[in-house]
file start_25.txt (compact mmCIF, C-alpha atoms and all ligand atoms)
# COMPACT_ATOMS: atom_id res chain seq x y z
CA ILE A 637 36.25 -80.65 71.40
CA LYS A 638 33.46 -78.13 71.91
CA LYS A 639 34.75 -77.37 75.39
CA ASN A 640 38.28 -76.79 74.07
CA GLN A 641 36.98 -74.48 71.37
CA LEU A 642 35.02 -72.49 73.92
CA LYS A 643 38.08 -72.23 76.15
CA GLU A 644 40.20 -71.04 73.26
CA GLU A 645 37.59 -68.50 72.24
CA LEU A 646 37.24 -67.15 75.78
CA THR A 647 41.01 -67.03 76.22
CA GLU A 648 41.43 -64.91 73.10
CA LEU A 649 38.58 -62.59 74.09
CA ASP A 650 40.01 -62.30 77.59
CA LYS A 651 43.46 -61.30 76.30
CA LYS A 652 42.10 -58.76 73.86
CA HIS A 653 39.33 -57.11 75.87
CA PHE A 654 39.58 -57.81 79.57
CA ILE A 655 41.98 -55.89 81.80
CA HIS A 656 42.40 -57.93 84.98
CA PRO A 657 42.65 -56.26 88.39
CA THR A 658 46.05 -56.48 90.13
CA SER A 659 47.56 -58.73 87.48
CA ASN A 660 50.71 -59.29 85.47
CA MET A 661 49.55 -57.98 82.10
CA LYS A 662 52.45 -59.33 80.08
CA GLN A 663 52.07 -62.81 81.53
CA LEU A 664 48.34 -62.74 80.81
CA GLN A 665 49.02 -61.86 77.19
CA GLU A 666 51.51 -64.69 76.89
CA GLU A 667 49.66 -67.37 78.78
CA GLY A 668 46.03 -66.30 78.99
CA PRO A 669 44.01 -66.76 82.18
CA SER A 670 45.08 -69.83 84.17
CA PHE A 671 41.51 -70.59 85.20
CA ILE A 672 38.18 -69.86 83.66
CA PHE A 673 35.82 -70.76 86.47
CA THR A 674 32.36 -72.04 85.83
CA GLU A 675 30.85 -73.19 89.14
CA GLY A 676 31.28 -73.15 92.87
CA ASP A 677 30.05 -75.43 95.62
CA GLY A 678 31.01 -75.12 99.28
CA ILE A 679 34.79 -74.87 99.51
CA TYR A 680 35.27 -75.98 95.88
CA LEU A 681 35.46 -74.22 92.54
CA LYS A 682 35.17 -75.84 89.13
CA ASP A 683 36.83 -74.54 86.00
CA MET A 684 36.31 -75.01 82.28
CA GLU A 685 38.78 -77.86 82.13
CA GLY A 686 36.57 -79.76 84.54
CA ARG A 687 39.02 -79.43 87.42
CA THR A 688 37.55 -79.33 90.92
CA LEU A 689 39.75 -77.17 93.14
CA MET A 690 39.70 -76.45 96.84
CA ASP A 691 39.46 -72.68 97.38
CA SER A 692 41.71 -72.13 100.40
CA LEU A 693 41.45 -68.32 100.35
CA SER A 694 37.64 -68.14 100.02
CA SER A 695 38.50 -66.66 96.59
CA LEU A 696 39.59 -63.21 97.78
CA TRP A 697 39.17 -63.71 101.56
CA ASN A 698 35.47 -63.12 101.01
CA VAL A 699 33.33 -66.13 100.10
CA ASN A 700 32.95 -66.89 103.78
CA ILE A 701 29.81 -69.01 103.75
CA GLY A 702 31.19 -70.94 100.78
CA HIS A 703 30.16 -71.12 97.14
CA GLY A 704 26.82 -72.05 95.68
CA ARG A 705 24.38 -71.08 98.43
CA LYS A 706 21.03 -70.93 96.68
CA GLU A 707 19.38 -68.87 99.44
CA LEU A 708 21.51 -65.87 98.50
CA GLY A 709 20.52 -66.16 94.87
CA GLU A 710 16.90 -66.39 95.94
CA ALA A 711 17.22 -63.32 98.17
CA ALA A 712 18.78 -61.37 95.30
CA LYS A 713 16.10 -62.50 92.85
CA ALA A 714 13.25 -61.64 95.21
CA GLN A 715 14.67 -58.18 95.88
CA MET A 716 15.47 -57.47 92.23
CA GLU A 717 12.00 -58.43 91.16
CA LYS A 718 10.44 -56.25 93.84
CA LEU A 719 12.72 -53.22 93.75
CA ALA A 720 16.02 -53.68 91.93
CA PHE A 721 17.30 -50.20 92.58
CA THR A 722 16.46 -46.83 93.88
CA SER A 723 18.61 -44.18 95.42
CA THR A 724 19.28 -43.56 99.09
CA PHE A 725 20.68 -40.07 98.42
CA SER A 726 19.25 -37.24 100.43
CA ASN A 727 16.02 -38.28 102.16
CA TRP A 728 15.13 -41.37 100.11
CA SER A 729 15.30 -44.75 101.77
CA HIS A 730 14.22 -48.36 101.45
CA GLU A 731 13.78 -51.35 103.71
CA PRO A 732 16.81 -53.52 102.80
CA ALA A 733 19.30 -50.71 103.52
CA ILE A 734 17.53 -49.73 106.75
CA ARG A 735 17.34 -53.34 107.95
CA LEU A 736 20.97 -54.01 107.05
CA ALA A 737 22.23 -50.91 108.88
CA ALA A 738 20.24 -52.03 111.94
CA GLU A 739 21.55 -55.60 111.65
CA VAL A 740 25.17 -54.45 111.33
CA ALA A 741 24.71 -52.48 114.58
CA LYS A 742 23.85 -55.76 116.32
CA TRP A 743 27.16 -57.28 115.16
CA THR A 744 29.43 -54.40 116.10
CA PRO A 745 31.03 -53.82 119.50
CA GLY A 746 30.35 -50.77 121.68
CA ASP A 747 28.24 -48.00 120.23
CA LEU A 748 29.38 -48.45 116.61
CA ASN A 749 25.84 -48.23 115.42
CA ALA A 750 25.58 -46.08 112.27
CA THR A 751 26.63 -47.30 108.82
CA PHE A 752 27.36 -45.52 105.54
CA PHE A 753 27.25 -48.04 102.68
CA THR A 754 29.63 -48.38 99.75
CA SER A 755 30.22 -51.01 97.08
CA GLY A 756 33.48 -52.31 98.53
CA GLY A 757 36.40 -51.85 100.88
CA SER A 758 38.35 -49.20 98.98
CA GLU A 759 35.36 -46.91 98.92
CA ALA A 760 34.71 -47.69 102.60
CA ASN A 761 38.20 -46.50 103.52
CA ASP A 762 38.05 -43.40 101.34
CA THR A 763 34.73 -42.64 103.01
CA ALA A 764 36.37 -42.99 106.42
CA PHE A 765 39.26 -40.66 105.48
CA LYS A 766 36.87 -37.98 104.29
CA THR A 767 34.61 -38.47 107.30
CA VAL A 768 37.39 -38.05 109.88
CA ARG A 769 38.61 -34.88 108.15
CA HIS A 770 35.05 -33.56 108.00
CA TYR A 771 34.59 -34.42 111.67
CA TRP A 772 37.68 -32.52 112.79
CA LYS A 773 36.68 -29.59 110.64
CA LEU A 774 33.29 -29.48 112.35
CA LYS A 775 35.06 -29.62 115.71
CA GLY A 776 37.06 -26.53 114.78
CA HIS A 777 40.29 -28.37 113.84
CA PRO A 778 40.46 -28.32 110.03
CA GLU A 779 44.24 -28.73 110.29
CA LYS A 780 43.79 -32.28 111.63
CA LYS A 781 44.06 -33.99 108.25
CA LYS A 782 46.88 -36.51 108.28
CA ILE A 783 46.16 -40.21 108.10
CA ILE A 784 48.64 -42.68 109.58
CA SER A 785 48.74 -46.29 108.48
CA ARG A 786 51.10 -49.22 108.96
CA LYS A 787 53.70 -50.58 106.60
CA LYS A 788 52.54 -53.82 104.91
CA SER A 789 48.92 -52.74 105.32
CA TYR A 790 46.43 -53.09 102.49
CA HIS A 791 43.49 -50.71 102.43
CA GLY A 792 42.41 -50.77 98.78
CA VAL A 793 43.07 -48.94 95.55
CA ALA A 794 40.91 -45.80 95.42
CA MET A 795 43.05 -42.66 95.68
CA GLY A 796 42.78 -42.40 99.47
CA SER A 797 42.86 -46.10 100.24
CA THR A 798 45.78 -46.76 97.90
CA SER A 799 47.62 -43.88 99.60
CA ALA A 800 47.00 -45.46 103.00
CA THR A 801 48.18 -48.86 101.76
CA GLY A 802 51.64 -49.63 103.12
CA ILE A 803 52.78 -52.05 100.40
CA PRO A 804 55.27 -50.07 98.29
CA GLU A 805 54.38 -51.73 94.96
CA PHE A 806 50.99 -50.01 94.99
CA HIS A 807 52.72 -46.62 95.16
CA THR A 808 55.52 -47.19 92.69
CA PHE A 809 52.86 -48.20 90.14
CA THR A 810 51.97 -44.52 89.59
CA GLU A 811 54.60 -42.66 91.62
CA SER A 812 51.80 -40.55 93.01
CA ILE A 813 49.86 -40.78 96.21
CA ALA A 814 47.51 -38.35 97.91
CA PRO A 815 49.06 -35.82 100.31
CA ASP A 816 48.84 -36.21 104.09
CA PHE A 817 49.40 -39.98 104.31
CA TYR A 818 52.12 -41.35 106.60
CA TYR A 819 53.33 -44.87 107.41
CA VAL A 820 54.71 -46.39 110.57
CA ASP A 821 56.41 -49.65 111.45
CA SER A 822 54.27 -52.00 113.48
CA THR A 823 55.75 -50.87 116.78
CA ILE A 824 54.41 -48.49 119.38
CA GLU A 825 57.72 -46.58 119.28
CA SER A 826 57.34 -45.91 115.58
CA LEU A 827 53.81 -44.56 116.07
CA LYS A 828 54.89 -42.39 118.98
CA GLU A 829 57.83 -41.01 117.02
CA LEU A 830 55.67 -40.07 114.06
CA ILE A 831 53.08 -38.34 116.25
CA GLU A 832 55.89 -36.45 117.96
CA LYS A 833 57.43 -35.44 114.63
CA GLU A 834 54.24 -34.45 112.80
CA GLY A 835 52.32 -33.14 115.80
CA ALA A 836 49.03 -34.59 117.02
CA ASP A 837 47.31 -31.34 116.01
CA SER A 838 47.79 -32.27 112.37
CA ILE A 839 46.70 -35.92 112.61
CA ALA A 840 43.10 -36.97 111.95
CA ALA A 841 43.25 -40.74 112.25
CA PHE A 842 45.24 -43.92 112.50
CA ILE A 843 44.03 -46.82 110.37
CA SER A 844 44.94 -50.46 110.79
CA GLU A 845 43.71 -53.91 109.94
CA PRO A 846 43.39 -56.00 113.14
CA VAL A 847 45.39 -58.67 111.32
CA GLN A 848 47.10 -57.57 108.12
CA GLY A 849 45.81 -59.69 105.27
CA SER A 850 47.33 -59.02 101.86
CA GLY A 851 50.58 -57.90 103.49
CA GLY A 852 51.15 -61.49 104.61
CA VAL A 853 48.69 -62.30 107.43
CA ASN A 854 50.62 -60.42 110.09
CA LEU A 855 49.31 -60.62 113.64
CA PRO A 856 49.99 -57.68 115.95
CA SER A 857 52.47 -58.08 118.79
CA GLU A 858 51.10 -58.68 122.28
CA GLY A 859 49.40 -55.58 123.70
CA TYR A 860 49.92 -53.54 120.52
CA PHE A 861 46.35 -52.40 119.95
CA GLU A 862 45.65 -51.72 123.65
CA GLU A 863 48.57 -49.30 123.52
CA VAL A 864 47.45 -47.84 120.17
CA ARG A 865 43.98 -47.19 121.64
CA LYS A 866 45.54 -45.32 124.58
CA ILE A 867 47.79 -43.24 122.35
CA CYS A 868 44.92 -42.31 120.03
CA ASP A 869 42.77 -41.25 123.00
CA LYS A 870 45.57 -39.21 124.50
CA HIS A 871 46.25 -37.32 121.25
CA HIS A 872 42.68 -37.05 119.96
CA ILE A 873 43.42 -39.23 116.97
CA LEU A 874 40.52 -41.31 115.67
CA LEU A 875 41.13 -45.04 115.37
CA ILE A 876 39.86 -46.72 112.21
CA SER A 877 39.79 -50.50 112.14
CA ASP A 878 39.86 -51.83 108.60
CA GLU A 879 37.81 -54.99 109.05
CA VAL A 880 37.34 -55.69 105.34
CA ILE A 881 38.87 -59.15 105.82
CA CYS A 882 38.46 -59.66 109.57
CA GLY A 883 34.85 -58.48 109.89
CA PHE A 884 31.86 -60.79 110.33
CA GLY A 885 33.62 -63.79 111.79
CA ARG A 886 36.89 -64.44 109.93
CA THR A 887 39.04 -64.29 113.08
CA GLY A 888 36.55 -66.17 115.27
CA THR A 889 34.89 -63.05 116.70
CA HIS A 890 32.37 -60.72 115.08
CA PHE A 891 35.11 -58.18 114.38
CA GLY A 892 38.87 -58.62 114.52
CA MET A 893 39.61 -55.92 117.11
CA GLU A 894 37.50 -57.83 119.66
CA ASN A 895 40.41 -60.30 119.87
CA PHE A 896 42.53 -57.49 121.31
CA GLY A 897 39.88 -56.10 123.64
CA ILE A 898 39.58 -52.65 122.12
CA ILE A 899 36.82 -50.71 120.41
CA PRO A 900 37.76 -48.48 117.47
CA ASP A 901 35.99 -45.22 116.62
CA ILE A 902 35.28 -46.37 113.09
CA ILE A 903 35.07 -49.75 111.41
CA THR A 904 35.33 -50.19 107.68
CA MET A 905 34.00 -53.41 106.19
CA ALA A 906 33.15 -55.19 102.92
CA LYS A 907 33.89 -58.72 101.62
CA GLY A 908 32.39 -61.03 104.29
CA VAL A 909 29.27 -58.91 104.80
CA THR A 910 27.84 -60.50 101.64
CA SER A 911 30.31 -63.41 101.37
CA GLY A 912 31.06 -61.95 97.95
CA TYR A 913 27.62 -62.75 96.53
CA ALA A 914 27.09 -59.03 95.84
CA PRO A 915 29.44 -56.05 96.05
CA LEU A 916 28.88 -54.16 99.29
CA GLY A 917 30.97 -52.42 101.91
CA GLY A 918 30.61 -49.69 104.45
CA MET A 919 31.90 -47.41 107.16
CA ILE A 920 30.45 -47.88 110.64
CA ILE A 921 30.84 -45.02 113.10
CA SER A 922 30.16 -44.63 116.80
CA GLU A 923 26.96 -43.02 118.02
CA LYS A 924 29.05 -40.22 119.48
CA LEU A 925 30.66 -39.42 116.13
CA HIS A 926 27.37 -39.78 114.31
CA GLN A 927 25.65 -37.36 116.66
CA GLU A 928 28.45 -34.82 116.59
CA ILE A 929 28.41 -34.84 112.81
CA TYR A 930 24.67 -34.39 112.40
CA GLU A 931 24.40 -31.82 115.17
CA LYS A 932 27.27 -29.64 114.03
CA ALA A 933 27.00 -30.01 110.25
CA GLU A 934 25.47 -27.25 108.22
CA GLY A 935 24.33 -28.39 104.83
CA ASN A 936 24.95 -31.74 103.25
CA PHE A 937 27.18 -34.69 103.98
CA TRP A 938 28.80 -34.19 100.56
CA HIS A 939 29.74 -37.78 99.94
CA GLY A 940 27.72 -40.60 98.40
CA TYR A 941 27.95 -43.36 95.82
CA THR A 942 25.14 -44.23 93.41
CA TYR A 943 25.21 -47.70 94.92
CA SER A 944 25.39 -46.68 98.60
CA GLY A 945 22.89 -49.09 100.16
CA HIS A 946 22.05 -50.91 96.93
CA PRO A 947 18.81 -52.81 97.70
CA THR A 948 19.81 -56.12 96.11
CA ALA A 949 23.28 -56.10 97.70
CA ALA A 950 21.67 -55.23 101.07
CA ALA A 951 19.14 -58.06 100.77
CA VAL A 952 21.98 -60.48 99.98
CA ALA A 953 23.97 -59.22 102.98
CA LEU A 954 20.99 -59.72 105.30
CA LYS A 955 20.57 -63.31 104.13
CA ASN A 956 24.32 -63.96 104.44
CA LEU A 957 24.45 -62.65 108.02
CA GLU A 958 21.37 -64.72 108.88
CA ILE A 959 23.12 -67.87 107.60
CA ILE A 960 26.31 -67.13 109.57
CA LYS A 961 24.18 -66.77 112.72
CA ASN A 962 21.71 -69.60 112.20
CA GLU A 963 24.37 -72.12 111.27
CA ASN A 964 26.73 -71.02 114.07
CA LEU A 965 29.47 -70.66 111.49
CA ILE A 966 31.69 -68.59 113.78
CA ASP A 967 31.88 -71.58 116.14
CA ASN A 968 33.14 -73.59 113.19
CA VAL A 969 35.67 -70.85 112.40
CA ASN A 970 37.08 -71.32 115.90
CA ARG A 971 37.07 -75.12 115.77
CA MET A 972 38.56 -75.35 112.28
CA GLY A 973 40.92 -72.46 113.01
CA GLU A 974 42.46 -74.54 115.79
CA GLU A 975 42.78 -77.50 113.42
CA MET A 976 44.40 -75.30 110.77
CA LEU A 977 46.99 -73.93 113.19
CA LYS A 978 47.71 -77.41 114.53
CA GLY A 979 48.23 -78.55 110.94
CA PHE A 980 50.53 -75.60 110.17
CA LYS A 981 52.63 -76.41 113.25
CA TRP A 982 52.91 -80.01 112.09
CA ILE A 983 54.01 -78.75 108.65
CA GLN A 984 56.65 -76.58 110.32
CA GLU A 985 57.99 -79.60 112.19
CA GLN A 986 58.26 -81.54 108.92
CA ASN A 987 59.85 -78.81 106.82
CA LYS A 988 63.00 -77.01 107.89
CA GLN A 989 62.57 -74.11 105.48
CA VAL A 990 59.27 -73.13 107.16
CA ILE A 991 60.30 -70.39 109.57
CA ASP A 992 56.96 -69.28 110.95
CA VAL A 993 53.33 -70.34 111.09
CA ARG A 994 50.48 -68.29 112.51
CA GLY A 995 46.75 -68.08 112.58
CA ILE A 996 43.69 -66.63 114.24
CA GLY A 997 40.31 -68.10 113.44
CA LEU A 998 40.35 -69.13 109.80
CA LEU A 999 43.03 -66.65 108.81
CA GLY A 1000 46.52 -68.06 108.71
CA ALA A 1001 49.92 -68.17 107.06
CA ILE A 1002 53.06 -70.18 106.57
CA SER A 1003 56.31 -68.26 106.03
CA ILE A 1004 59.23 -69.79 104.21
CA ASP A 1005 62.80 -68.71 104.74
CA ARG A 1006 63.81 -66.28 102.02
CA LYS A 1007 67.34 -65.25 102.70
CA SER A 1008 66.97 -61.95 100.84
CA ALA A 1009 64.62 -60.15 98.47
CA ASP A 1010 66.98 -61.06 95.58
CA VAL A 1011 66.42 -64.77 96.10
CA ALA A 1012 63.50 -66.15 94.09
CA PRO A 1013 60.59 -66.94 96.39
CA VAL A 1014 59.51 -70.54 96.89
CA GLY A 1015 55.83 -69.67 97.48
CA PRO A 1016 54.80 -69.46 93.81
CA LYS A 1017 56.33 -72.89 93.18
CA VAL A 1018 54.41 -74.30 96.15
CA VAL A 1019 51.25 -72.76 94.71
CA ALA A 1020 51.89 -74.53 91.39
CA GLU A 1021 52.49 -77.86 93.15
CA ALA A 1022 49.33 -77.41 95.25
CA LEU A 1023 47.35 -76.78 92.09
CA LYS A 1024 48.48 -80.09 90.63
CA ARG A 1025 47.03 -81.67 93.77
CA GLY A 1026 43.72 -79.82 93.55
CA LEU A 1027 44.29 -76.89 95.90
CA ILE A 1028 44.24 -73.18 95.10
CA CYS A 1029 46.35 -71.19 97.56
CA ARG A 1030 47.94 -67.76 97.61
CA SER A 1031 51.56 -66.73 97.80
CA VAL A 1032 52.58 -63.33 99.19
CA VAL A 1033 55.96 -62.10 97.99
CA TYR A 1034 55.87 -58.34 98.65
CA ASP A 1035 58.68 -56.79 100.59
CA GLY A 1036 61.01 -59.77 100.40
CA GLN A 1037 58.49 -62.05 102.08
CA ASP A 1038 57.86 -65.63 101.10
CA THR A 1039 54.52 -66.43 102.63
CA LEU A 1040 51.54 -68.63 101.88
CA ALA A 1041 48.23 -67.14 103.02
CA PHE A 1042 45.09 -69.09 103.91
CA ALA A 1043 41.52 -68.11 104.63
CA PRO A 1044 39.26 -71.06 103.84
CA PRO A 1045 35.46 -70.73 103.86
CA PHE A 1046 33.75 -70.90 107.27
CA VAL A 1047 32.01 -74.12 106.21
CA ILE A 1048 35.18 -76.18 105.88
CA ASN A 1049 35.02 -79.49 107.81
CA LYS A 1050 37.71 -81.53 109.53
CA LYS A 1051 38.21 -83.97 106.64
CA GLN A 1052 38.63 -81.11 104.18
CA MET A 1053 41.00 -79.31 106.54
CA ASP A 1054 43.13 -82.45 106.84
CA GLU A 1055 43.20 -82.69 103.06
CA MET A 1056 44.28 -79.05 102.76
CA ILE A 1057 47.10 -79.55 105.28
CA THR A 1058 48.28 -82.73 103.55
CA ILE A 1059 48.39 -81.03 100.15
CA VAL A 1060 50.26 -78.00 101.52
CA ASP A 1061 52.79 -80.26 103.22
CA GLU A 1062 53.32 -82.36 100.07
CA SER A 1063 53.62 -79.23 97.93
CA ILE A 1064 56.28 -77.69 100.16
CA ARG A 1065 58.24 -80.95 100.10
CA ALA A 1066 57.89 -81.16 96.31
CA VAL A 1067 59.75 -77.92 95.69
CA ASN A 1068 62.83 -79.03 97.59
N1 LIG B 1101 40.94 -53.32 103.13
C1 LIG B 1101 41.38 -54.57 103.28
C2 LIG B 1101 41.93 -55.01 104.59
C3 LIG B 1101 41.34 -55.47 102.20
O1 LIG B 1101 41.82 -56.71 102.32
C4 LIG B 1101 40.81 -55.02 100.97
C5 LIG B 1101 40.75 -55.93 99.80
O2 LIG B 1101 41.39 -56.95 99.74
C6 LIG B 1101 40.37 -53.69 100.87
C7 LIG B 1101 40.43 -52.88 101.97
C8 LIG B 1101 39.83 -53.16 99.58
O3 LIG B 1101 38.55 -53.66 99.36
P1 LIG B 1101 37.95 -53.70 97.88
O4 LIG B 1101 38.85 -54.55 97.07
O5 LIG B 1101 36.57 -54.27 98.10
O6 LIG B 1101 37.89 -52.30 97.40
call {"tool": "encode", "arguments": {"input": "start_25.txt", "output": "structure tokens", "more": "lines below"}}
Ligand code: PLP
result
Amino acid sequence: IKKNQLKEELTELDKKHFIHPTSNMKQLQEEGPSFIFTEGDGIYLKDMEGRTLMDSLSSLWNVNIGHGRKELGEAAKAQMEKLAFTSTFSNWSHEPAIRLAAEVAKWTPGDLNATFFTSGGSEANDTAFKTVRHYWKLKGHPEKKKIISRKKSYHGVAMGSTSATGIPEFHTFTESIAPDFYYVDSTIESLKELIEKEGADSIAAFISEPVQGSGGVNLPSEGYFEEVRKICDKHHILLISDEVICGFGRTGTHFGMENFGIIPDIITMAKGVTSGYAPLGGMIISEKLHQEIYEKAEGNFWHGYTYSGHPTAAAVALKNLEIIKNENLIDNVNRMGEEMLKGFKWIQEQNKQVIDVRGIGLLGAISIDRKSADVAPVGPKVVAEALKRGLICRSVVYDGQDTLAFAPPFVINKKQMDEMITIVDESIRAVN
């Protein structure tokens, strides 16, 4: 009875006082939150009703080492007790931020060796958009301002990152986006056409996720990024890889673009760098860019967040990256990624309405045939069925899609993967 009372109390407080990010406000007012979580352990979450649920999206594609790792709590506590916060503005510094920037450089490909820290991915992308414009200005090309992104991309919700996002719903929400943002289809022709139309002299950068996440786990076509890299080089357009989901092992490599054999000029990251145990993100730039900026700049780099390089978040990130390395978790991403894709293919064979399955590392999707955008999607019903069977999974319905997205924690084992596949299969069958 006590538990029920507490749930009721929290539900009422939630409805009255708590505005949820990216949520259906009316539905929340009518139904209240569907989960009030209390604990996490490995790939499982527990909620107030005592349900234990498998977290097949690592919460928000971020709890990569899994829930409940005490070492991260201990790292945060130790750092907070020693030095909870001080600024890194101007010429102040501290060891956790310095060590983390140096550690990130060990993970990145090529000479992407200098990091600007933020609190998350949206800020990381806004930082990148300002940095590329600043860079071209220093190089004597202030007119190179435009940012190109891909349709179905998700880059965040700050003013710049929401403007770069290629999912229309995020734009119709306010009917206002920042100027100088352009979108292309995911073909080389579309990119070439836009560059031709707008003129390379006006374009600062092209941004892309290696594998689109929120837009439905969309893998690039064969050779796409190799060609993109060539085009960017030819037209002096900087290439930003948004590795907020793919970075730090999700696709079975350190960074997603490594799967396609190219090195971007800038990487933006967040999520997996701390496995969600503390908010942290960043923009990583090449040594060449870094040097050109500090050599040519007069005055300040006029951009910084209070929490750029937050000591506690940095200490948590360092411990998280140590765990990923010491426990060879990326090897498990590759092994379990293969199992997941095998399982998805088996599901496709069993279920006629499944029209596509795909995956790379532990990032995957199942697409269901949705004849048109006017037809109600099946995904949300599958999600409800999966929940009855103890699995949380995510449905993507933007743009007429009907897709289920998966990104389980790196620590998932074979038995748990089999269970996930079985539940997904049963849930798809149940809605027919
Ligand atoms: N970029 C990508 C690819 C993302 O998936 C996300 C978040 O889901 C973001 C950027 C935005 O990051 P944040 O929500 O930390 O601001």
call {"tool": "residues_near_ligand", "arguments": {"input": "start_25.txt", "ligand": "ligand LIG 1101 (chain B)", "cutoff": "9 Å", "atoms": "all atoms listed in the file", "output": "MDAnalysis selection string"}}
result
chainID A and resid 696:698 755:761 789:794 797:798 801 844:851 878:882 904:907 915:917
call {"tool": "write_last_selection", "arguments": {"input": "start_25.txt", "atoms": "C-alpha atoms", "output": "PDB file, keeping the file's coordinate frame"}}
result
ATOM      1  CA  LEU A 696      39.590 -63.210  97.780  1.00  0.00           C
ATOM      2  CA  TRP A 697      39.170 -63.710 101.560  1.00  0.00           C
ATOM      3  CA  ASN A 698      35.470 -63.120 101.010  1.00  0.00           C
ATOM      4  CA  SER A 755      30.220 -51.010  97.080  1.00  0.00           C
ATOM      5  CA  GLY A 756      33.480 -52.310  98.530  1.00  0.00           C
ATOM      6  CA  GLY A 757      36.400 -51.850 100.880  1.00  0.00           C
ATOM      7  CA  SER A 758      38.350 -49.200  98.980  1.00  0.00           C
ATOM      8  CA  GLU A 759      35.360 -46.910  98.920  1.00  0.00           C
ATOM      9  CA  ALA A 760      34.710 -47.690 102.600  1.00  0.00           C
ATOM     10  CA  ASN A 761      38.200 -46.500 103.520  1.00  0.00           C
ATOM     11  CA  SER A 789      48.920 -52.740 105.320  1.00  0.00           C
ATOM     12  CA  TYR A 790      46.430 -53.090 102.490  1.00  0.00           C
ATOM     13  CA  HIS A 791      43.490 -50.710 102.430  1.00  0.00           C
ATOM     14  CA  GLY A 792      42.410 -50.770  98.780  1.00  0.00           C
ATOM     15  CA  VAL A 793      43.070 -48.940  95.550  1.00  0.00           C
ATOM     16  CA  ALA A 794      40.910 -45.800  95.420  1.00  0.00           C
ATOM     17  CA  SER A 797      42.860 -46.100 100.240  1.00  0.00           C
ATOM     18  CA  THR A 798      45.780 -46.760  97.900  1.00  0.00           C
ATOM     19  CA  THR A 801      48.180 -48.860 101.760  1.00  0.00           C
ATOM     20  CA  SER A 844      44.940 -50.460 110.790  1.00  0.00           C
ATOM     21  CA  GLU A 845      43.710 -53.910 109.940  1.00  0.00           C
ATOM     22  CA  PRO A 846      43.390 -56.000 113.140  1.00  0.00           C
ATOM     23  CA  VAL A 847      45.390 -58.670 111.320  1.00  0.00           C
ATOM     24  CA  GLN A 848      47.100 -57.570 108.120  1.00  0.00           C
ATOM     25  CA  GLY A 849      45.810 -59.690 105.270  1.00  0.00           C
ATOM     26  CA  SER A 850      47.330 -59.020 101.860  1.00  0.00           C
ATOM     27  CA  GLY A 851      50.580 -57.900 103.490  1.00  0.00           C
ATOM     28  CA  ASP A 878      39.860 -51.830 108.600  1.00  0.00           C
ATOM     29  CA  GLU A 879      37.810 -54.990 109.050  1.00  0.00           C
ATOM     30  CA  VAL A 880      37.340 -55.690 105.340  1.00  0.00           C
ATOM     31  CA  ILE A 881      38.870 -59.150 105.820  1.00  0.00           C
ATOM     32  CA  CYS A 882      38.460 -59.660 109.570  1.00  0.00           C
ATOM     33  CA  THR A 904      35.330 -50.190 107.680  1.00  0.00           C
ATOM     34  CA  MET A 905      34.000 -53.410 106.190  1.00  0.00           C
ATOM     35  CA  ALA A 906      33.150 -55.190 102.920  1.00  0.00           C
ATOM     36  CA  LYS A 907      33.890 -58.720 101.620  1.00  0.00           C
ATOM     37  CA  PRO A 915      29.440 -56.050  96.050  1.00  0.00           C
ATOM     38  CA  LEU A 916      28.880 -54.160  99.290  1.00  0.00           C
ATOM     39  CA  GLY A 917      30.970 -52.420 101.910  1.00  0.00           C
TER      40      GLY A 917
END
call {"tool": "residues_near_point", "arguments": {"input": "start_25.txt", "point": "(42.2, -78.7, 102.6)", "cutoff": "10 Å", "atoms": "all atoms listed in the file", "output": "ChimeraX atom specification"}}
result
/A:679,689-692,976,1026-1029,1044,1048-1060
call {"tool": "residues_around", "arguments": {"input": "start_25.txt", "residues": "His939 of chain A", "least_positions_apart": "6", "cutoff": "9 Å", "atoms": "only C-alpha atoms", "output": "ChimeraX atom specification"}}
result
/A:763,766-767
call {"tool": "residues_around", "arguments": {"input": "start_25.txt", "residues": "His926 of chain A", "least_positions_apart": "6", "cutoff": "12 Å", "atoms": "only C-alpha atoms", "output": "mmCIF file with C-alpha atoms, keeping the file's coordinate frame"}}
result
data_model
loop_
_atom_site.group_PDB
_atom_site.id
_atom_site.type_symbol
_atom_site.label_atom_id
_atom_site.label_comp_id
_atom_site.auth_asym_id
_atom_site.auth_seq_id
_atom_site.Cartn_x
_atom_site.Cartn_y
_atom_site.Cartn_z
ATOM 1 C CA ASP A 747 28.240 -48.000 120.230
ATOM 2 C CA LEU A 748 29.380 -48.450 116.610
ATOM 3 C CA ASN A 749 25.840 -48.230 115.420
ATOM 4 C CA ALA A 750 25.580 -46.080 112.270
ATOM 5 C CA THR A 751 26.630 -47.300 108.820
ATOM 6 C CA PHE A 752 27.360 -45.520 105.540
ATOM 7 C CA THR A 767 34.610 -38.470 107.300
ATOM 8 C CA VAL A 768 37.390 -38.050 109.880
ATOM 9 C CA HIS A 770 35.050 -33.560 108.000
ATOM 10 C CA TYR A 771 34.590 -34.420 111.670
ATOM 11 C CA ASP A 901 35.990 -45.220 116.620
ATOM 12 C CA ILE A 902 35.280 -46.370 113.090
ATOM 13 C CA MET A 919 31.900 -47.410 107.160
ATOM 14 C CA ILE A 920 30.450 -47.880 110.640
ATOM 15 C CA LYS A 932 27.270 -29.640 114.030
ATOM 16 C CA ALA A 933 27.000 -30.010 110.250
ATOM 17 C CA PHE A 937 27.180 -34.690 103.980
#
call {"tool": "closest_residue", "arguments": {"input": "start_25.txt", "among": "A:Glu862, A:Asp816, A:Ala1041, A:His871", "to": "Lys828 of chain A", "atoms": "all atoms listed in the file"}}
result
A:His871
